[in-house]
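Trainee: Mind looking over this structure? Questions follow.
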Amino acid sequence: RLQKLKEMFISKFGSAPKFYVRAPGRVNLIGEHIDYCGYAVLPMAIEQDILIAVEPVKTQMVQLANTNSLYLDFSTSVNNIQINKTKPQWHNYFLCGLKGIQEHFGLNNPTGMNCLLDGTIPPSSGLSSSSALVCCAGLVTLRANGKTLSKVELAEICTKSEHYIGTEGGGMDQSISFLAEEGTAKLIEFSPLRATDVRLPSGAAFVIANSCVEMNKAATSHYNIRVMECRLATKLLSKSKGLDWKKMLRLHDVQSKLGVSLEEMLTIVEEVLHPEPYSTEEICKCLGISLEELRSQILSQNTQDVSTFKLYQRAKHVYSEAARVLEFKKICNEAPANAIQLLGELMNQSYISCREMYECSCPELDRLVDICLQFGAIGSRLTGAGWGGCTVSMVPTDKLNTFLKNVKKAYYQTDVQRLPLENNSLFATKPGRGALVFVEA
């Protein structure tokens, strides 16, 4: 693949690349939509990745090209980075990583470069292709400008810089992209960022199945509305407990300030919040603020027009999902005889909560989860933001081949649109390694 990329680079730019950067996609085994609430998640890097061939140049231009002809070439001056939030095109994710590194170091005269990108992560599939691209671009810019940072610093900069495109993400994707190690999943905790190895049980494989419904986080408001609902739930829970609610941003802040367990937080949610949606008027009344203050001080730019928010359901999902992550890690560490059964149950509970409480599934994902469970998965759930994208299933190793055959038949071969996509849409994966730089010898 490197050789092929090198040849394409030479025919495109007329000279050879000086180095290559690779950043992997990821699958989140458990812990959906809780990283931006401050809670630990449990992802692993997958073998699919973004690979960029790079040649630093003397001009002040960045020229971007893609091996996939669907993605158009793009060039811009390194001194004038404009990121268009209204159209999240592929090059804008590259520019996020580039701008993040430039701003971190205050680079006045950044190096221009020619870049050719090749990606094997299915786009908009919930396997983090966009974050892998941001991370890859950050590492490319770092290397081209002769700078160094730790993996943790890189992950934190790339998390912040992805916000330039308008997605209020929480940092899981960037962290696993840099901190992943072959053969192990990671428990990723935030503030401060740290990663702990989690050994997965040996008798099971993790299988990714793409629903073939694309979901682009930056192009839809579902994702950012959920972030706001969690923020508003944080404010109302804090106020009811006499905390300084104006300073509280994430559901984790409420738990740590009160010094209670996740189970106790679930009881507090039951006592304080009601299951019916909250109107903006009711939220203002609860907090004692005007609609203008709500919009200018709490809501994000792209959630200003939302008129109702579900706070009870979102908070309930987050606190129960955070508890499932810790339970998942505990089972992996203790490795009881029925570990696979127990982990499968946690994955299934996570999926039900995503579907019922967080409402981030879709009919195709529901159908795919049903099919996976029907053909031998012990646990199956959506992974990534949801509303499309992929499922991840835990399948006993001895049933893997028949499982793959049956799912192909039941989900992909029954639909003319999915049929051509089946080969790249269903695969078993092992925990892969994190981002790397290769230098031309």
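Residue numbering restarts at 1 in every chain; chains get A, B, ... in the order shown in the structure tokens, and ligands count up from 1 in that same order.
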List the spatial neighbours of region 283-300 of chain A as a list in words - criterion: any atom at most 7 Å away, only C-alpha atoms, same-chain residues fewer than 4 positions off excluded.
Mentor: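 Residues meeting the cut-off are Met228, Leu236, Tyr278, Ser279 and Gln304 of chain A.
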Trainee: Just all heavy atoms for this one: save the residues we selected as an mmCIF file, in the first residue's frame.
Mentor:
data_model
loop_
_atom_site.group_PDB
_atom_site.id
_atom_site.type_symbol
_atom_site.label_atom_id
_atom_site.label_comp_id
_atom_site.auth_asym_id
_atom_site.auth_seq_id
_atom_site.Cartn_x
_atom_site.Cartn_y
_atom_site.Cartn_z
ATOM 1 N N MET A 228 -26.095 19.320 24.285
ATOM 2 C CA MET A 228 -26.785 20.397 25.007
ATOM 3 C C MET A 228 -27.755 19.847 26.048
ATOM 4 O O MET A 228 -27.875 20.392 27.137
ATOM 5 C CB MET A 228 -27.557 21.307 24.042
ATOM 6 C CG MET A 228 -26.697 22.253 23.265
ATOM 7 S SD MET A 228 -25.538 23.162 24.329
ATOM 8 C CE MET A 228 -24.011 22.672 23.547
ATOM 9 N N LEU A 236 -29.649 21.814 35.713
ATOM 10 C CA LEU A 236 -30.837 21.626 36.557
ATOM 11 C C LEU A 236 -30.549 20.752 37.774
ATOM 12 O O LEU A 236 -31.020 21.033 38.874
ATOM 13 C CB LEU A 236 -31.996 21.042 35.738
ATOM 14 C CG LEU A 236 -32.952 22.091 35.159
ATOM 15 C CD1 LEU A 236 -32.277 22.961 34.118
ATOM 16 C CD2 LEU A 236 -34.197 21.454 34.556
ATOM 17 N N TYR A 278 -38.641 19.077 28.323
ATOM 18 C CA TYR A 278 -38.643 20.426 28.907
ATOM 19 C C TYR A 278 -38.700 21.446 27.780
ATOM 20 O O TYR A 278 -37.945 21.332 26.805
ATOM 21 C CB TYR A 278 -37.352 20.655 29.692
ATOM 22 C CG TYR A 278 -37.296 19.968 31.035
ATOM 23 C CD1 TYR A 278 -37.102 18.590 31.134
ATOM 24 C CD2 TYR A 278 -37.432 20.700 32.217
ATOM 25 C CE1 TYR A 278 -37.041 17.955 32.368
ATOM 26 C CE2 TYR A 278 -37.371 20.077 33.462
ATOM 27 C CZ TYR A 278 -37.183 18.701 33.533
ATOM 28 O OH TYR A 278 -37.132 18.073 34.764
ATOM 29 N N SER A 279 -39.565 22.439 27.926
ATOM 30 C CA SER A 279 -39.560 23.537 26.949
ATOM 31 C C SER A 279 -38.467 24.523 27.363
ATOM 32 O O SER A 279 -38.031 24.517 28.524
ATOM 33 C CB SER A 279 -40.905 24.256 26.955
ATOM 34 O OG SER A 279 -41.095 24.891 28.218
ATOM 35 N N GLN A 304 -29.648 26.802 18.855
ATOM 36 C CA GLN A 304 -30.412 27.986 19.270
ATOM 37 C C GLN A 304 -31.911 27.866 18.991
ATOM 38 O O GLN A 304 -32.718 28.444 19.691
ATOM 39 C CB GLN A 304 -29.891 29.233 18.518
ATOM 40 C CG GLN A 304 -28.414 29.525 18.765
ATOM 41 C CD GLN A 304 -28.176 30.258 20.070
ATOM 42 O OE1 GLN A 304 -28.923 31.129 20.453
ATOM 43 N NE2 GLN A 304 -27.120 29.893 20.761
#
Trainee: Each residue of region 223-252 of chain A lying at most 9 Å from region 258-275 of chain A should get a row with its shortest atom-to-atom pair and the distance in Å to one decimal, counting only C-alpha atoms; could you produce that, ordered by chain and increasing number, as CSV?
Mentor:
residue,atom,partner,partner_atom,distance
A:Ala233,CA,A:Leu273,CA,8.0
A:Leu236,CA,A:Leu273,CA,8.0
A:Leu237,CA,A:Val272,CA,6.7
A:Ser240,CA,A:Val272,CA,7.1
A:Lys241,CA,A:Leu258,CA,8.4
A:Leu243,CA,A:Leu258,CA,8.7
Trainee: Would you save the residues from that selection as a PDB file, in the first residue's frame, using C-alpha atoms?
Mentor:
ATOM      1  CA  ALA A 233     -29.491  18.349  32.729  1.00  0.00           C
ATOM      2  CA  LEU A 236     -30.837  21.626  36.557  1.00  0.00           C
ATOM      3  CA  LEU A 237     -29.405  18.833  38.712  1.00  0.00           C
ATOM      4  CA  SER A 240     -31.578  21.456  42.696  1.00  0.00           C
ATOM      5  CA  LYS A 241     -28.657  20.406  44.904  1.00  0.00           C
ATOM      6  CA  LEU A 243     -24.362  23.789  43.666  1.00  0.00           C
TER       7      LEU A 243
END
Trainee: Using only C-alpha atoms, can you tell me which of A:Glu214, A:Trp387, A:Tyr312, A:Cys158 comes closest to Thr234 (chain A)?
Mentor: A:Tyr312
Trainee: Considering only C-alpha atoms, return as a ChimeraX atom specification whatever protein or nucleic-acid residues lie within 12 Å of Asp370 (chain A), sequence-local ones (same chain, fewer than 5 positions apart) excluded.
Mentor: /A:348,351-352,363-365,375-382,391,393,407,410-411
Trainee: May I have a table of the residues of region 304-396 of chain A lying at most 12 Å from region 112-135 of chain A, giving each one's closest pair of atoms and their distance in Å to one decimal, counting only C-alpha atoms, ordered by chain and ascending residue number, as CSV?
Mentor:
residue,atom,partner,partner_atom,distance
A:Cys360,CA,A:Gly126,CA,11.8
A:Ser361,CA,A:Gly126,CA,11.8
A:Leu365,CA,A:Ser125,CA,11.4
A:Leu382,CA,A:Gly126,CA,8.7
A:Thr383,CA,A:Gly126,CA,6.2
A:Gly384,CA,A:Gly126,CA,4.1
A:Ala385,CA,A:Gly126,CA,6.0
A:Gly386,CA,A:Gly126,CA,6.8
A:Trp387,CA,A:Gly126,CA,9.2
A:Gly388,CA,A:Ser125,CA,6.9
A:Gly389,CA,A:Ser125,CA,3.6
A:Cys390,CA,A:Ser125,CA,5.7
A:Thr391,CA,A:Gly126,CA,8.7
A:Val392,CA,A:Leu127,CA,10.2
Trainee: The selected residues should be written to file as a short mmCIF file (atom, residue, chain, number, x, y, z; two decimals), in the first residue's frame (atoms: C-alpha atoms).
Mentor:
data_model
loop_
_atom_site.label_atom_id
_atom_site.label_comp_id
_atom_site.auth_asym_id
_atom_site.auth_seq_id
_atom_site.Cartn_x
_atom_site.Cartn_y
_atom_site.Cartn_z
CA CYS A 360 -29.58 7.58 18.71
CA SER A 361 -30.41 4.39 16.82
CA LEU A 365 -29.27 -0.43 13.13
CA LEU A 382 -24.46 0.40 17.84
CA THR A 383 -21.04 2.03 18.02
CA GLY A 384 -20.09 5.65 17.33
CA ALA A 385 -22.61 8.47 17.35
CA GLY A 386 -25.44 6.32 15.99
CA TRP A 387 -28.29 7.38 13.65
CA GLY A 388 -26.55 5.11 11.14
CA GLY A 389 -23.01 3.78 10.98
CA CYS A 390 -21.94 0.48 12.52
CA THR A 391 -22.75 -2.14 15.09
CA VAL A 392 -20.14 -4.05 17.10
#
Trainee: Within 12 Å of Phe9 (chain A), counting only C-alpha atoms, which residues qualify if same-chain residues fewer than 3 places away don't, as a PyMOL selection string?
Mentor: chain A and resi 2-6+12-20+52-55+63-67+114-118
Trainee: From the list A:Gln313, A:Gln60, A:Thr429, A:Ser177, which residue is nearest Arg22 (chain A) when using only C-alpha atoms?
Mentor: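 The answer is A:Ser177, which sits nearest to Arg22 (chain A).
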Trainee: Between A:Leu373, A:Val57, A:Leu179, A:Ala144, which residue has the minimum interatomic distance to Leu107 (chain A), considering only C-alpha atoms?
Mentor: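 Using only C-alpha atoms, Leu107 (chain A) sits closest to A:Ala144.
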Trainee: Would you please work out which residue, of A:Ile331, A:Ile101, A:Gly242, A:Phe190, is nearest to Leu149 (chain A) when using only C-alpha atoms?
Mentor: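 Among the listed residues, A:Ile101 lies closest to Leu149 (chain A).
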Trainee: Hey, which bits of region 276-358 of chain A sit within 7 Å of region 198-211 of chain A, and for each residue what's the closest pair of atoms and how far apart in Å (one decimal), counting only C-alpha atoms, rows by chain and increasing number, as JSON lines?
Mentor:
{"residue": "A:Lys329", "atom": "CA", "partner": "A:Val198", "partner_atom": "CA", "distance": 6.5}
{"residue": "A:Cys332", "atom": "CA", "partner": "A:Leu200", "partner_atom": "CA", "distance": 5.9}
{"residue": "A:Ile340", "atom": "CA", "partner": "A:Pro201", "partner_atom": "CA", "distance": 6.9}
Trainee: Taking only region 152-285 of chain A into account, list the residues labelled helix (DSSP H, G or I) by DSSP (computed from the backbone), as a ChimeraX atom specification.
Mentor: /A:152-165,172-179,217-219,222-240,245-247,251-258,262-272,280-285
Trainee: Select, from A:Asp244, A:Glu156, A:Glu168, A:Glu321, the residue with the minimum atom-to-atom distance to Ala40 (chain A), counting only C-alpha atoms.
Mentor: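 Among the listed residues, the smallest separation from Ala40 (chain A) belongs to A:Glu321.
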Trainee: Taking only C-alpha atoms into account, name the residue in A:Lys58, A:Asp197, A:Gly170, A:Leu70 that is nearest to Asn145 (chain A).
Mentor: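 Closest candidate: A:Lys58.
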Trainee: Ser77 (chain A): which residues within 12 Å, counting only C-alpha atoms, same-chain residues fewer than 2 positions away excluded, as a list in words?
Mentor: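 Result of the neighbour search: Thr59, Gln60, Met61, Val62, Gln63, Leu64, Phe74, Ser75, Asn79, Asn80, Ile81, Gln82, Leu95, Leu98, Lys99, Asn109, Pro110, Thr111, Gly112, Met113 and Asn114 of chain A.
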Trainee: Write a file of the selected residues as an mmCIF file, in the first residue's frame, keeping N, CA and C atoms.
Mentor:
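Printed below is again31.cif as written:
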data_model
loop_
_atom_site.group_PDB
_atom_site.id
_atom_site.type_symbol
_atom_site.label_atom_id
_atom_site.label_comp_id
_atom_site.auth_asym_id
_atom_site.auth_seq_id
_atom_site.Cartn_x
_atom_site.Cartn_y
_atom_site.Cartn_z
ATOM 1 N N THR A 59 7.116 26.556 -0.712
ATOM 2 C CA THR A 59 6.052 27.557 -0.859
ATOM 3 C C THR A 59 5.177 27.565 0.395
ATOM 4 N N GLN A 60 4.330 28.591 0.512
ATOM 5 C CA GLN A 60 3.431 28.677 1.668
ATOM 6 C C GLN A 60 2.076 28.022 1.372
ATOM 7 N N MET A 61 2.089 26.991 0.521
ATOM 8 C CA MET A 61 0.834 26.353 0.117
ATOM 9 C C MET A 61 0.716 24.930 0.691
ATOM 10 N N VAL A 62 -0.513 24.568 1.030
ATOM 11 C CA VAL A 62 -0.811 23.163 1.349
ATOM 12 C C VAL A 62 -1.639 22.636 0.181
ATOM 13 N N GLN A 63 -1.144 21.583 -0.451
ATOM 14 C CA GLN A 63 -1.904 20.953 -1.540
ATOM 15 C C GLN A 63 -2.358 19.586 -1.068
ATOM 16 N N LEU A 64 -3.678 19.365 -1.083
ATOM 17 C CA LEU A 64 -4.236 18.106 -0.607
ATOM 18 C C LEU A 64 -4.865 17.340 -1.767
ATOM 19 N N PHE A 74 -7.661 19.959 -3.139
ATOM 20 C CA PHE A 74 -7.877 21.238 -2.481
ATOM 21 C C PHE A 74 -6.522 21.868 -2.192
ATOM 22 N N SER A 75 -6.409 23.175 -2.374
ATOM 23 C CA SER A 75 -5.167 23.831 -1.943
ATOM 24 C C SER A 75 -5.486 25.176 -1.314
ATOM 25 N N ASN A 79 -1.069 30.314 5.629
ATOM 26 C CA ASN A 79 -1.286 31.489 6.486
ATOM 27 C C ASN A 79 -2.728 31.953 6.497
ATOM 28 N N ASN A 80 -3.599 31.241 5.786
ATOM 29 C CA ASN A 80 -4.979 31.701 5.725
ATOM 30 C C ASN A 80 -5.928 30.503 5.751
ATOM 31 N N ILE A 81 -5.984 29.855 6.924
ATOM 32 C CA ILE A 81 -6.806 28.644 7.034
ATOM 33 C C ILE A 81 -8.260 29.019 7.329
ATOM 34 N N GLN A 82 -9.141 28.709 6.400
ATOM 35 C CA GLN A 82 -10.581 28.963 6.583
ATOM 36 C C GLN A 82 -11.297 27.611 6.639
ATOM 37 N N LEU A 95 -7.751 20.478 7.669
ATOM 38 C CA LEU A 95 -7.434 21.855 8.108
ATOM 39 C C LEU A 95 -7.595 22.022 9.622
ATOM 40 N N LEU A 98 -4.381 20.765 11.117
ATOM 41 C CA LEU A 98 -3.327 21.711 10.729
ATOM 42 C C LEU A 98 -3.390 22.978 11.590
ATOM 43 N N LYS A 99 -4.602 23.537 11.699
ATOM 44 C CA LYS A 99 -4.795 24.779 12.442
ATOM 45 C C LYS A 99 -4.515 24.576 13.940
ATOM 46 N N ASN A 109 5.304 31.264 10.388
ATOM 47 C CA ASN A 109 5.647 30.919 9.015
ATOM 48 C C ASN A 109 5.641 29.411 8.834
ATOM 49 N N PRO A 110 4.438 28.807 8.932
ATOM 50 C CA PRO A 110 4.406 27.345 8.869
ATOM 51 C C PRO A 110 4.856 26.817 7.508
ATOM 52 N N THR A 111 5.356 25.579 7.522
ATOM 53 C CA THR A 111 5.837 24.930 6.304
ATOM 54 C C THR A 111 4.674 24.572 5.386
ATOM 55 N N GLY A 112 4.837 24.848 4.093
ATOM 56 C CA GLY A 112 3.859 24.367 3.112
ATOM 57 C C GLY A 112 4.080 22.879 2.882
ATOM 58 N N MET A 113 3.105 22.189 2.309
ATOM 59 C CA MET A 113 3.314 20.758 2.049
ATOM 60 C C MET A 113 2.373 20.220 0.989
ATOM 61 N N ASN A 114 2.851 19.168 0.335
ATOM 62 C CA ASN A 114 2.016 18.393 -0.585
ATOM 63 C C ASN A 114 1.614 17.112 0.147
#
Trainee: Compile the contact shell of Pro43 (chain A) as a VMD selection string: residues with an atom at most 6 Å away, counting only C-alpha atoms, same-chain residues fewer than 2 positions apart removed.
Mentor: chain A and resid 27 to 29 185 to 186
Trainee: Can I get the selected residues back with N, CA and C atoms, as an mmCIF file, in the first residue's frame?
Mentor:
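Written output follows (again.cif):
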data_model
loop_
_atom_site.group_PDB
_atom_site.id
_atom_site.type_symbol
_atom_site.label_atom_id
_atom_site.label_comp_id
_atom_site.auth_asym_id
_atom_site.auth_seq_id
_atom_site.Cartn_x
_atom_site.Cartn_y
_atom_site.Cartn_z
ATOM 1 N N VAL A 27 -13.228 1.422 17.241
ATOM 2 C CA VAL A 27 -14.567 0.953 17.575
ATOM 3 C C VAL A 27 -14.692 1.111 19.090
ATOM 4 N N ASN A 28 -15.820 1.650 19.516
ATOM 5 C CA ASN A 28 -16.053 1.812 20.944
ATOM 6 C C ASN A 28 -16.827 0.589 21.424
ATOM 7 N N LEU A 29 -16.231 -0.184 22.335
ATOM 8 C CA LEU A 29 -16.869 -1.427 22.770
ATOM 9 C C LEU A 29 -18.035 -1.140 23.704
ATOM 10 N N ALA A 185 -7.545 -3.364 24.321
ATOM 11 C CA ALA A 185 -8.461 -2.215 24.311
ATOM 12 C C ALA A 185 -7.965 -1.261 25.395
ATOM 13 N N LYS A 186 -8.559 -0.080 25.492
ATOM 14 C CA LYS A 186 -8.102 0.894 26.503
ATOM 15 C C LYS A 186 -9.305 1.492 27.243
#
Trainee: As a CSV table (one decimal) with C-alpha atoms, in the first residue's frame, which residues of region 277-376 of chain A does DSSP assign to strand (DSSP E or B)?
Mentor:
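Here's the written file result_1.csv:
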chain,number,residue,atom,x,y,z
A,278,TYR,CA,-38.6,20.4,28.9
A,279,SER,CA,-39.6,23.5,26.9
A,308,THR,CA,-37.8,21.2,23.6
A,309,PHE,CA,-35.1,19.1,25.3
Trainee: Need to verify the contact set: Arg250 (chain A), 8 Å, only C-alpha atoms, exclusion of same-chain residues closer than 6 positions in sequence. Can you return it as JSON, numbers by chain?
Mentor: {"A": [36, 37, 38, 230, 231, 234]}
Trainee: Interatomic distance between CA of Gly31 (chain A) and CA of Arg324 (chain A)?
Mentor: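 Taking CA of Gly31 (chain A) as the start and CA of Arg324 (chain A) as the end point, the length is 7.4 Å.
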